[in-house]
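As stored in work.cif (mmCIF, C-alpha atoms):
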```
data_start
#
loop_
_atom_site.label_atom_id
_atom_site.label_comp_id
_atom_site.auth_asym_id
_atom_site.auth_seq_id
_atom_site.Cartn_x
_atom_site.Cartn_y
_atom_site.Cartn_z
CA GLY A 30 -11.02 -37.91 -3.26
CA ALA A 31 -7.30 -37.32 -3.05
CA TYR A 32 -4.91 -37.15 -5.97
CA THR A 33 -1.17 -37.39 -6.21
CA LEU A 34 1.02 -35.56 -8.71
CA GLY A 35 1.30 -38.75 -10.78
CA HIS A 36 -1.16 -40.99 -12.57
CA ALA A 37 -3.35 -43.24 -10.44
CA ASP A 38 -2.24 -46.87 -10.32
CA ALA A 39 -4.15 -48.95 -12.83
CA PRO A 40 -4.98 -52.66 -12.41
CA ALA A 41 -2.21 -54.96 -13.58
CA SER A 42 -4.39 -56.41 -16.33
CA GLN A 43 -5.24 -52.95 -17.71
CA PRO A 44 -2.28 -50.67 -18.50
CA ALA A 45 -2.67 -47.00 -17.66
CA VAL A 46 -3.43 -44.79 -20.66
CA SER A 47 -2.53 -41.12 -20.63
CA GLN A 48 -5.33 -38.93 -21.91
CA PRO A 49 -4.39 -35.77 -23.81
CA PRO A 50 -5.45 -32.56 -22.07
CA VAL A 51 -8.55 -30.80 -23.30
CA PRO A 52 -7.71 -27.36 -24.73
CA GLY A 53 -8.60 -24.57 -22.33
CA THR A 54 -8.63 -26.81 -19.25
CA MET A 55 -6.10 -27.51 -16.51
CA SER A 56 -5.11 -31.02 -15.51
CA GLN A 57 -6.02 -32.13 -11.99
CA PRO A 58 -2.40 -32.13 -10.75
CA LEU A 59 -1.80 -28.61 -12.10
CA ALA A 60 -5.10 -27.37 -10.71
CA ALA A 61 -4.26 -28.79 -7.29
CA ALA A 62 -0.81 -27.21 -7.38
CA ALA A 63 -2.24 -23.85 -8.42
CA GLY A 64 -4.79 -23.95 -5.61
CA ALA A 65 -2.16 -24.85 -3.03
CA ALA A 66 -0.01 -21.89 -4.08
CA LEU A 67 -2.61 -19.29 -3.10
CA PRO A 68 -1.64 -17.94 0.33
CA ASP A 69 -3.97 -17.20 3.22
CA MET A 70 -3.10 -13.68 4.31
CA SER A 71 -5.71 -13.31 7.05
CA ALA A 72 -3.19 -13.84 9.87
CA ILE A 73 -0.89 -11.13 8.46
CA VAL A 74 -3.80 -8.69 8.23
CA ALA A 75 -5.03 -9.49 11.75
CA ARG A 76 -1.59 -9.02 13.29
CA ASN A 77 -0.58 -5.87 11.44
CA SER A 78 -3.79 -3.88 10.96
CA PRO A 79 -3.47 -2.22 14.41
CA SER A 80 -0.05 -0.91 13.31
CA VAL A 81 -1.44 0.86 10.23
CA VAL A 82 -2.65 4.40 10.85
CA ASN A 83 -4.77 6.92 9.00
CA ILE A 84 -3.10 10.25 8.25
CA SER A 85 -5.00 13.43 7.47
CA VAL A 86 -3.25 16.65 6.54
CA SER A 87 -4.44 20.20 6.15
CA GLY A 88 -2.96 23.48 5.05
CA THR A 89 -3.24 26.09 2.32
CA ARG A 90 -2.02 26.22 -1.24
CA LYS A 91 -2.06 28.64 -4.10
CA ALA A 92 -5.21 28.12 -6.13
CA GLY A 93 -4.33 26.32 -9.31
CA ALA A 94 -1.09 24.90 -7.96
CA ARG A 95 -0.88 21.24 -8.89
CA GLY A 96 2.65 20.01 -8.97
CA PRO A 97 4.90 17.26 -7.64
CA GLY A 98 5.32 19.17 -4.39
CA SER A 99 1.66 19.01 -3.42
CA PRO A 100 0.08 15.75 -4.60
CA GLN A 101 -1.25 15.18 -1.09
CA PHE A 102 -3.80 17.91 -1.76
CA ASP A 103 -5.03 16.29 -4.99
CA GLU A 104 -6.90 13.50 -3.25
CA ASP A 105 -9.48 15.78 -1.62
CA ASP A 106 -9.46 18.86 -3.80
CA SER A 107 -12.02 21.64 -4.00
CA ILE A 108 -12.57 21.08 -7.74
CA PRO A 109 -12.95 17.45 -8.90
CA ASP A 110 -10.65 16.30 -11.68
CA PHE A 111 -13.48 15.69 -14.12
CA LEU A 112 -14.63 19.31 -13.75
CA ARG A 113 -11.09 20.63 -14.11
CA ARG A 114 -10.79 18.86 -17.46
CA PHE A 115 -13.60 21.05 -18.73
CA GLY A 116 -11.83 24.23 -17.68
CA ALA A 117 -13.50 24.93 -14.33
CA PRO A 118 -11.79 28.04 -12.93
CA HIS A 119 -9.86 28.18 -9.68
CA ASN A 120 -10.56 30.83 -7.10
CA ARG A 121 -7.89 33.47 -6.75
CA GLY A 122 -5.59 33.56 -3.76
CA ASP A 123 -4.88 30.85 -1.20
CA ALA A 124 -7.30 27.98 -0.78
CA PRO A 125 -7.73 25.56 2.12
CA ALA A 126 -6.55 22.07 1.26
CA ARG A 127 -6.91 18.67 2.83
CA GLY A 128 -5.52 15.24 2.10
CA LEU A 129 -5.58 11.66 3.29
CA GLY A 130 -2.90 9.02 3.52
CA SER A 131 -1.70 6.02 5.45
CA GLY A 132 1.29 5.21 7.62
CA PHE A 133 2.60 2.47 9.85
CA ILE A 134 4.07 2.35 13.33
CA VAL A 135 7.70 1.22 13.37
CA SER A 136 8.39 1.77 17.07
CA PRO A 137 6.16 1.48 20.17
CA ASP A 138 7.16 5.02 21.16
CA GLY A 139 5.07 6.51 18.34
CA THR A 140 7.52 6.66 15.44
CA ILE A 141 5.65 6.33 12.16
CA LEU A 142 6.71 5.98 8.53
CA THR A 143 4.70 7.31 5.60
CA ASN A 144 5.25 8.74 2.11
CA ALA A 145 6.87 12.15 1.88
CA HIS A 146 4.26 13.35 -0.62
CA VAL A 147 1.51 12.71 1.94
CA VAL A 148 2.84 15.29 4.41
CA ASP A 149 5.04 17.54 2.27
CA GLY A 150 3.84 21.12 2.67
CA ALA A 151 1.17 20.28 5.25
CA GLU A 152 0.62 22.72 8.10
CA GLU A 153 -1.06 20.17 10.36
CA VAL A 154 -0.75 16.38 10.38
CA MET A 155 -3.20 14.25 12.35
CA VAL A 156 -2.77 10.53 12.98
CA LYS A 157 -5.71 8.29 13.80
CA LEU A 158 -5.15 4.83 15.26
CA THR A 159 -7.41 1.84 14.78
CA ASP A 160 -8.59 2.24 18.41
CA LYS A 161 -10.02 5.66 17.34
CA ARG A 162 -7.44 7.72 19.27
CA GLU A 163 -6.16 10.76 17.39
CA PHE A 164 -2.83 12.54 17.79
CA LYS A 165 -1.24 15.59 16.28
CA ALA A 166 1.97 14.42 14.64
CA LYS A 167 5.31 16.14 14.22
CA VAL A 168 7.20 15.65 10.96
CA LEU A 169 10.71 14.71 12.04
CA GLY A 170 12.03 14.65 8.50
CA LEU A 171 11.26 13.70 4.92
CA ASP A 172 13.15 12.79 1.77
CA THR A 173 11.40 13.54 -1.50
CA ALA A 174 13.79 11.44 -3.61
CA SER A 175 12.88 8.20 -1.82
CA ASP A 176 9.38 9.53 -0.93
CA VAL A 177 9.79 8.60 2.75
CA ALA A 178 8.81 10.69 5.78
CA VAL A 179 9.19 10.06 9.52
CA LEU A 180 6.47 11.22 11.92
CA LYS A 181 6.28 11.19 15.72
CA ILE A 182 3.23 11.16 17.96
CA ASP A 183 3.11 11.45 21.75
CA ALA A 184 2.10 7.88 22.61
CA SER A 185 3.62 4.72 24.00
CA ASP A 186 3.16 0.95 23.97
CA LEU A 187 1.90 1.02 20.41
CA PRO A 188 1.80 -2.08 18.17
CA ALA A 189 4.70 -1.92 15.72
CA VAL A 190 5.32 -3.78 12.48
CA ARG A 191 8.27 -6.05 11.87
CA ILE A 192 10.74 -4.62 9.37
CA GLY A 193 12.17 -7.09 6.86
CA SER A 194 14.48 -6.90 3.88
CA ALA A 195 13.54 -6.86 0.21
CA SER A 196 16.95 -8.15 -0.86
CA ASN A 197 15.74 -11.76 -1.08
CA THR A 198 12.33 -10.97 -2.58
CA ARG A 199 11.79 -12.40 -6.05
CA VAL A 200 9.65 -11.19 -8.92
CA GLY A 201 6.38 -13.10 -8.83
CA GLU A 202 6.19 -13.43 -5.03
CA TRP A 203 2.98 -12.49 -3.27
CA VAL A 204 2.86 -9.21 -1.38
CA LEU A 205 0.15 -7.56 0.72
CA ALA A 206 -0.66 -3.89 1.24
CA ILE A 207 -2.70 -2.45 4.11
CA GLY A 208 -3.88 1.14 4.05
CA SER A 209 -6.71 3.61 4.53
CA PRO A 210 -8.10 4.30 1.05
CA PHE A 211 -10.77 7.01 1.11
CA GLY A 212 -10.31 7.15 4.88
CA PHE A 213 -11.45 3.56 5.50
CA GLU A 214 -9.10 1.87 7.95
CA SER A 215 -7.39 -1.49 7.58
CA SER A 216 -8.18 -2.10 3.92
CA ALA A 217 -6.06 -4.93 2.51
CA SER A 218 -5.14 -5.65 -1.10
CA ALA A 219 -2.73 -8.20 -2.52
CA GLY A 220 -0.75 -8.94 -5.65
CA ILE A 221 2.69 -9.93 -6.79
CA VAL A 222 6.06 -8.24 -7.16
CA SER A 223 6.21 -7.14 -10.79
CA ALA A 224 9.78 -5.84 -10.98
CA PHE A 225 12.67 -4.41 -8.99
CA SER A 226 14.86 -1.33 -9.31
CA ARG A 227 12.28 0.86 -10.99
CA SER A 228 13.02 4.59 -11.13
CA LEU A 229 10.52 7.40 -11.51
CA PRO A 230 10.43 9.67 -14.59
CA ASP A 231 11.98 12.59 -12.68
CA GLY A 232 15.44 11.27 -13.54
CA SER A 233 16.58 10.41 -10.01
CA TYR A 234 17.47 6.77 -9.56
CA VAL A 235 15.83 5.25 -6.51
CA PRO A 236 15.25 1.47 -6.78
CA PHE A 237 11.53 1.20 -6.12
CA ILE A 238 9.64 -2.11 -6.00
CA GLN A 239 6.97 -2.36 -8.69
CA THR A 240 3.88 -4.39 -7.78
CA ASP A 241 0.43 -4.96 -9.24
CA VAL A 242 -1.22 -4.51 -5.82
CA ALA A 243 -4.37 -2.40 -6.13
CA VAL A 244 -3.99 1.01 -4.46
CA ASN A 245 -6.55 3.78 -4.06
CA PRO A 246 -6.40 7.42 -2.94
CA GLY A 247 -5.40 7.30 0.72
CA ASN A 248 -3.28 4.14 0.40
CA SER A 249 -0.14 6.26 0.01
CA GLY A 250 2.27 5.67 2.87
CA GLY A 251 0.91 2.29 3.89
CA PRO A 252 3.16 -0.75 4.35
CA LEU A 253 3.91 -3.52 1.85
CA PHE A 254 4.29 -6.93 3.49
CA ASN A 255 5.90 -10.15 2.35
CA MET A 256 4.34 -13.49 3.24
CA ALA A 257 6.40 -13.67 6.43
CA GLY A 258 4.47 -10.64 7.68
CA GLU A 259 7.48 -8.33 7.38
CA VAL A 260 7.42 -4.84 5.88
CA ILE A 261 9.59 -4.66 2.75
CA GLY A 262 8.34 -1.34 1.37
#
```
Go ahead and express the file in the form of structure tokens.
Amino acid sequence: GAYTLGHADAPASQPAVSQPPVPGTMSQPLAAAAGAALPDMSAIVARNSPSVVNISVSGTRKAGARGPGSPQFDEDDSIPDFLRRFGAPHNRGDAPARGLGSGFIVSPDGTILTNAHVVDGAEEVMVKLTDKREFKAKVLGLDTASDVAVLKIDASDLPAVRIGSASNTRVGEWVLAIGSPFGFESSASAGIVSAFSRSLPDGSYVPFIQTDVAVNPGNSGGPLFNMAGEVIG
């Protein structure tokens, strides 16, 4: 049946009686309103997944070096974290290192945005599209304070995302992330905006958006969408 947000009309000879809510339950109007508020994000995922790319980086690092400048190498390290906690030794000298991340196409000519920590210090950056094509990317520039990097691949007519503005986004609004966690392409996760103007513990003030969207290793650099399908982070 269908229900309105008010009480059902009772017969004239029998006045309507409001029943107190049962503890731990939700009234039918509230339940209907809560169900209606859940968005369907399938259209946003279908439209924007081709614009999200997988990024793999490779290079060398000093064995034992684990600092803010090389977190991209922590996601696929030669010694797992749980072994390192028990004092597993590093090999001496330089060690090969690999990492995974995500990015998104912002221009059909092959301009891509990602996180700076994904490509910082990498000797080679490879970009894989959802159509399985792979390109060697050039890092045009990166800014560690805002954790943003710009890449360029030699391609054309690529599907690009729509860039929006976060200025009108409110805490509590739904947001959607698409990335390549663990190298799997087009993985979507959703949540809400938790807060605005968050700064990292390094002391520099950059107004990041805080969300409760689930992210996994390899999600770094992927886009954050609002419910209009626009990238806001």
A:Leu67, A:Glu153, A:Val242, A:Ser85 ranked by distance to Gly220 (chain A), top pick (using all atoms listed in the file) =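 Selected residue with least distance to Gly220 (chain A): A:Val242.
With distances taken from (5.8, 4.9, 7.2) and restricted to only C-alpha atoms, the residues inside 8 Å are Ser131, Gly132, Phe133, Ile134, Val135, Ile141, Leu142, Thr143, Asn144, Val177, Ala178, Val179, Leu180, Gly250, Gly251 and Pro252 of chain A.
Between CA of Ile238 (chain A) and CA of Phe254 (chain A) the interatomic distance comes to 11.9 Å.
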Non-local contacts of Thr198 (chain A) (12 Å; all atoms listed in the file; under 4 positions in same chain excluded) as a ChimeraX atom specification = /A:193-194,202-204,221-225,238-240,254-257,259-262
Measuring atom to atom with all atoms listed in the file, identify which of A:Val190, A:Val154, A:Leu169, A:Val147 is nearest to Pro79 (chain A).
-> A:Val190
To one decimal in Å, tell me the separation between CA of Gly208 (chain A) and CA of Ser249 (chain A).
-> 7.5 Å
Could you state the separation of CA of Asp149 (chain A) and CA of Leu171 (chain A) in Å, given to one decimal place?
->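 It comes out at 7.8 Å.
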Report as a PyMOL selection string the full result of the PyMOL selection byres ((chain A and resi 77) around 9) when it is applied to this structure.
-> chain A and resi 72-76+78-81+188-191+207+215+258
Draw an axis-aligned box tight on the listed atoms of region 236-239 of chain A, then pad every side by 6 Å and write out centre and edge lengths in Å to one decimal as AutoDock Vina command-line options.
```
--center_x 11.1 --center_y -0.4 --center_z -7.3 --size_x 20.3 --size_y 15.8 --size_z 14.7
```
Taking the file above as input, evaluate the PyMOL selection byres ((chain A and resi 247) around 9) and report the hits as a PyMOL selection string.
-> chain A and resi 83-84+104+128-131+147+208-213+244-246+248-251
Give the answer as one residue: which of A:Val86, A:Ala195, A:Ser228, A:Ser185 has the shortest atom-to-atom distance to Asp138 (chain A), using only C-alpha atoms?
->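 Of the candidates, the smallest distance to Asp138 (chain A) is held by A:Ser185.
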Got a minute to add N, CA, C and O atoms to region 242-262 of chain A and dump it as a PDB file, keeping the file's coordinate frame?
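New file result-v7.pdb:
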```pdb
ATOM      1  N   VAL A 242      -0.256  -4.615  -6.920  1.00  0.00           N
ATOM      2  CA  VAL A 242      -1.220  -4.510  -5.820  1.00  0.00           C
ATOM      3  C   VAL A 242      -2.123  -3.298  -6.066  1.00  0.00           C
ATOM      4  O   VAL A 242      -1.644  -2.207  -6.379  1.00  0.00           O
ATOM      5  N   ALA A 243      -3.420  -3.489  -5.923  1.00  0.00           N
ATOM      6  CA  ALA A 243      -4.370  -2.400  -6.130  1.00  0.00           C
ATOM      7  C   ALA A 243      -4.215  -1.359  -5.025  1.00  0.00           C
ATOM      8  O   ALA A 243      -4.194  -1.693  -3.845  1.00  0.00           O
ATOM      9  N   VAL A 244      -4.068  -0.094  -5.422  1.00  0.00           N
ATOM     10  CA  VAL A 244      -3.990   1.010  -4.460  1.00  0.00           C
ATOM     11  C   VAL A 244      -4.996   2.076  -4.858  1.00  0.00           C
ATOM     12  O   VAL A 244      -5.288   2.271  -6.030  1.00  0.00           O
ATOM     13  N   ASN A 245      -5.544   2.744  -3.865  1.00  0.00           N
ATOM     14  CA  ASN A 245      -6.550   3.780  -4.060  1.00  0.00           C
ATOM     15  C   ASN A 245      -6.099   5.046  -3.365  1.00  0.00           C
ATOM     16  O   ASN A 245      -5.172   5.033  -2.550  1.00  0.00           O
ATOM     17  N   PRO A 246      -6.735   6.192  -3.662  1.00  0.00           N
ATOM     18  CA  PRO A 246      -6.400   7.420  -2.940  1.00  0.00           C
ATOM     19  C   PRO A 246      -6.501   7.214  -1.427  1.00  0.00           C
ATOM     20  O   PRO A 246      -7.520   6.747  -0.937  1.00  0.00           O
ATOM     21  N   GLY A 247      -5.449   7.529  -0.722  1.00  0.00           N
ATOM     22  CA  GLY A 247      -5.400   7.300   0.720  1.00  0.00           C
ATOM     23  C   GLY A 247      -4.551   6.109   1.106  1.00  0.00           C
ATOM     24  O   GLY A 247      -4.202   5.930   2.262  1.00  0.00           O
ATOM     25  N   ASN A 248      -4.189   5.256   0.127  1.00  0.00           N
ATOM     26  CA  ASN A 248      -3.280   4.140   0.400  1.00  0.00           C
ATOM     27  C   ASN A 248      -1.839   4.599   0.539  1.00  0.00           C
ATOM     28  O   ASN A 248      -1.006   3.880   1.100  1.00  0.00           O
ATOM     29  N   SER A 249      -1.518   5.777  -0.004  1.00  0.00           N
ATOM     30  CA  SER A 249      -0.140   6.260   0.010  1.00  0.00           C
ATOM     31  C   SER A 249       0.420   6.258   1.429  1.00  0.00           C
ATOM     32  O   SER A 249      -0.201   6.769   2.351  1.00  0.00           O
ATOM     33  N   GLY A 250       1.611   5.692   1.573  1.00  0.00           N
ATOM     34  CA  GLY A 250       2.270   5.670   2.870  1.00  0.00           C
ATOM     35  C   GLY A 250       2.059   4.384   3.646  1.00  0.00           C
ATOM     36  O   GLY A 250       2.703   4.167   4.671  1.00  0.00           O
ATOM     37  N   GLY A 251       1.159   3.541   3.187  1.00  0.00           N
ATOM     38  CA  GLY A 251       0.910   2.290   3.890  1.00  0.00           C
ATOM     39  C   GLY A 251       2.008   1.267   3.632  1.00  0.00           C
ATOM     40  O   GLY A 251       2.796   1.397   2.694  1.00  0.00           O
ATOM     41  N   PRO A 252       2.088   0.236   4.464  1.00  0.00           N
ATOM     42  CA  PRO A 252       3.160  -0.750   4.350  1.00  0.00           C
ATOM     43  C   PRO A 252       2.879  -1.811   3.291  1.00  0.00           C
ATOM     44  O   PRO A 252       1.730  -2.110   2.977  1.00  0.00           O
ATOM     45  N   LEU A 253       3.965  -2.368   2.753  1.00  0.00           N
ATOM     46  CA  LEU A 253       3.910  -3.520   1.850  1.00  0.00           C
ATOM     47  C   LEU A 253       4.567  -4.693   2.562  1.00  0.00           C
ATOM     48  O   LEU A 253       5.726  -4.598   2.983  1.00  0.00           O
ATOM     49  N   PHE A 254       3.819  -5.775   2.719  1.00  0.00           N
ATOM     50  CA  PHE A 254       4.290  -6.930   3.490  1.00  0.00           C
ATOM     51  C   PHE A 254       4.658  -8.095   2.569  1.00  0.00           C
ATOM     52  O   PHE A 254       4.025  -8.308   1.525  1.00  0.00           O
ATOM     53  N   ASN A 255       5.667  -8.863   2.986  1.00  0.00           N
ATOM     54  CA  ASN A 255       5.900 -10.150   2.350  1.00  0.00           C
ATOM     55  C   ASN A 255       5.079 -11.208   3.087  1.00  0.00           C
ATOM     56  O   ASN A 255       4.339 -10.912   4.044  1.00  0.00           O
ATOM     57  N   MET A 256       5.183 -12.440   2.652  1.00  0.00           N
ATOM     58  CA  MET A 256       4.340 -13.490   3.240  1.00  0.00           C
ATOM     59  C   MET A 256       4.848 -13.971   4.579  1.00  0.00           C
ATOM     60  O   MET A 256       4.201 -14.811   5.225  1.00  0.00           O
ATOM     61  N   ALA A 257       5.956 -13.418   5.050  1.00  0.00           N
ATOM     62  CA  ALA A 257       6.400 -13.670   6.430  1.00  0.00           C
ATOM     63  C   ALA A 257       5.846 -12.613   7.375  1.00  0.00           C
ATOM     64  O   ALA A 257       6.149 -12.647   8.565  1.00  0.00           O
ATOM     65  N   GLY A 258       5.040 -11.698   6.846  1.00  0.00           N
ATOM     66  CA  GLY A 258       4.470 -10.640   7.680  1.00  0.00           C
ATOM     67  C   GLY A 258       5.437  -9.536   7.985  1.00  0.00           C
ATOM     68  O   GLY A 258       5.241  -8.791   8.967  1.00  0.00           O
ATOM     69  N   GLU A 259       6.476  -9.362   7.174  1.00  0.00           N
ATOM     70  CA  GLU A 259       7.480  -8.330   7.380  1.00  0.00           C
ATOM     71  C   GLU A 259       7.285  -7.208   6.353  1.00  0.00           C
ATOM     72  O   GLU A 259       6.951  -7.464   5.196  1.00  0.00           O
ATOM     73  N   VAL A 260       7.526  -5.976   6.786  1.00  0.00           N
ATOM     74  CA  VAL A 260       7.420  -4.840   5.880  1.00  0.00           C
ATOM     75  C   VAL A 260       8.672  -4.783   5.005  1.00  0.00           C
ATOM     76  O   VAL A 260       9.789  -4.746   5.503  1.00  0.00           O
ATOM     77  N   ILE A 261       8.466  -4.758   3.682  1.00  0.00           N
ATOM     78  CA  ILE A 261       9.590  -4.660   2.750  1.00  0.00           C
ATOM     79  C   ILE A 261       9.501  -3.387   1.908  1.00  0.00           C
ATOM     80  O   ILE A 261      10.384  -3.130   1.088  1.00  0.00           O
ATOM     81  N   GLY A 262       8.458  -2.578   2.127  1.00  0.00           N
ATOM     82  CA  GLY A 262       8.340  -1.340   1.370  1.00  0.00           C
ATOM     83  C   GLY A 262       7.224  -0.479   1.928  1.00  0.00           C
ATOM     84  O   GLY A 262       6.421  -0.935   2.737  1.00  0.00           O
TER      85      GLY A 262
END
```
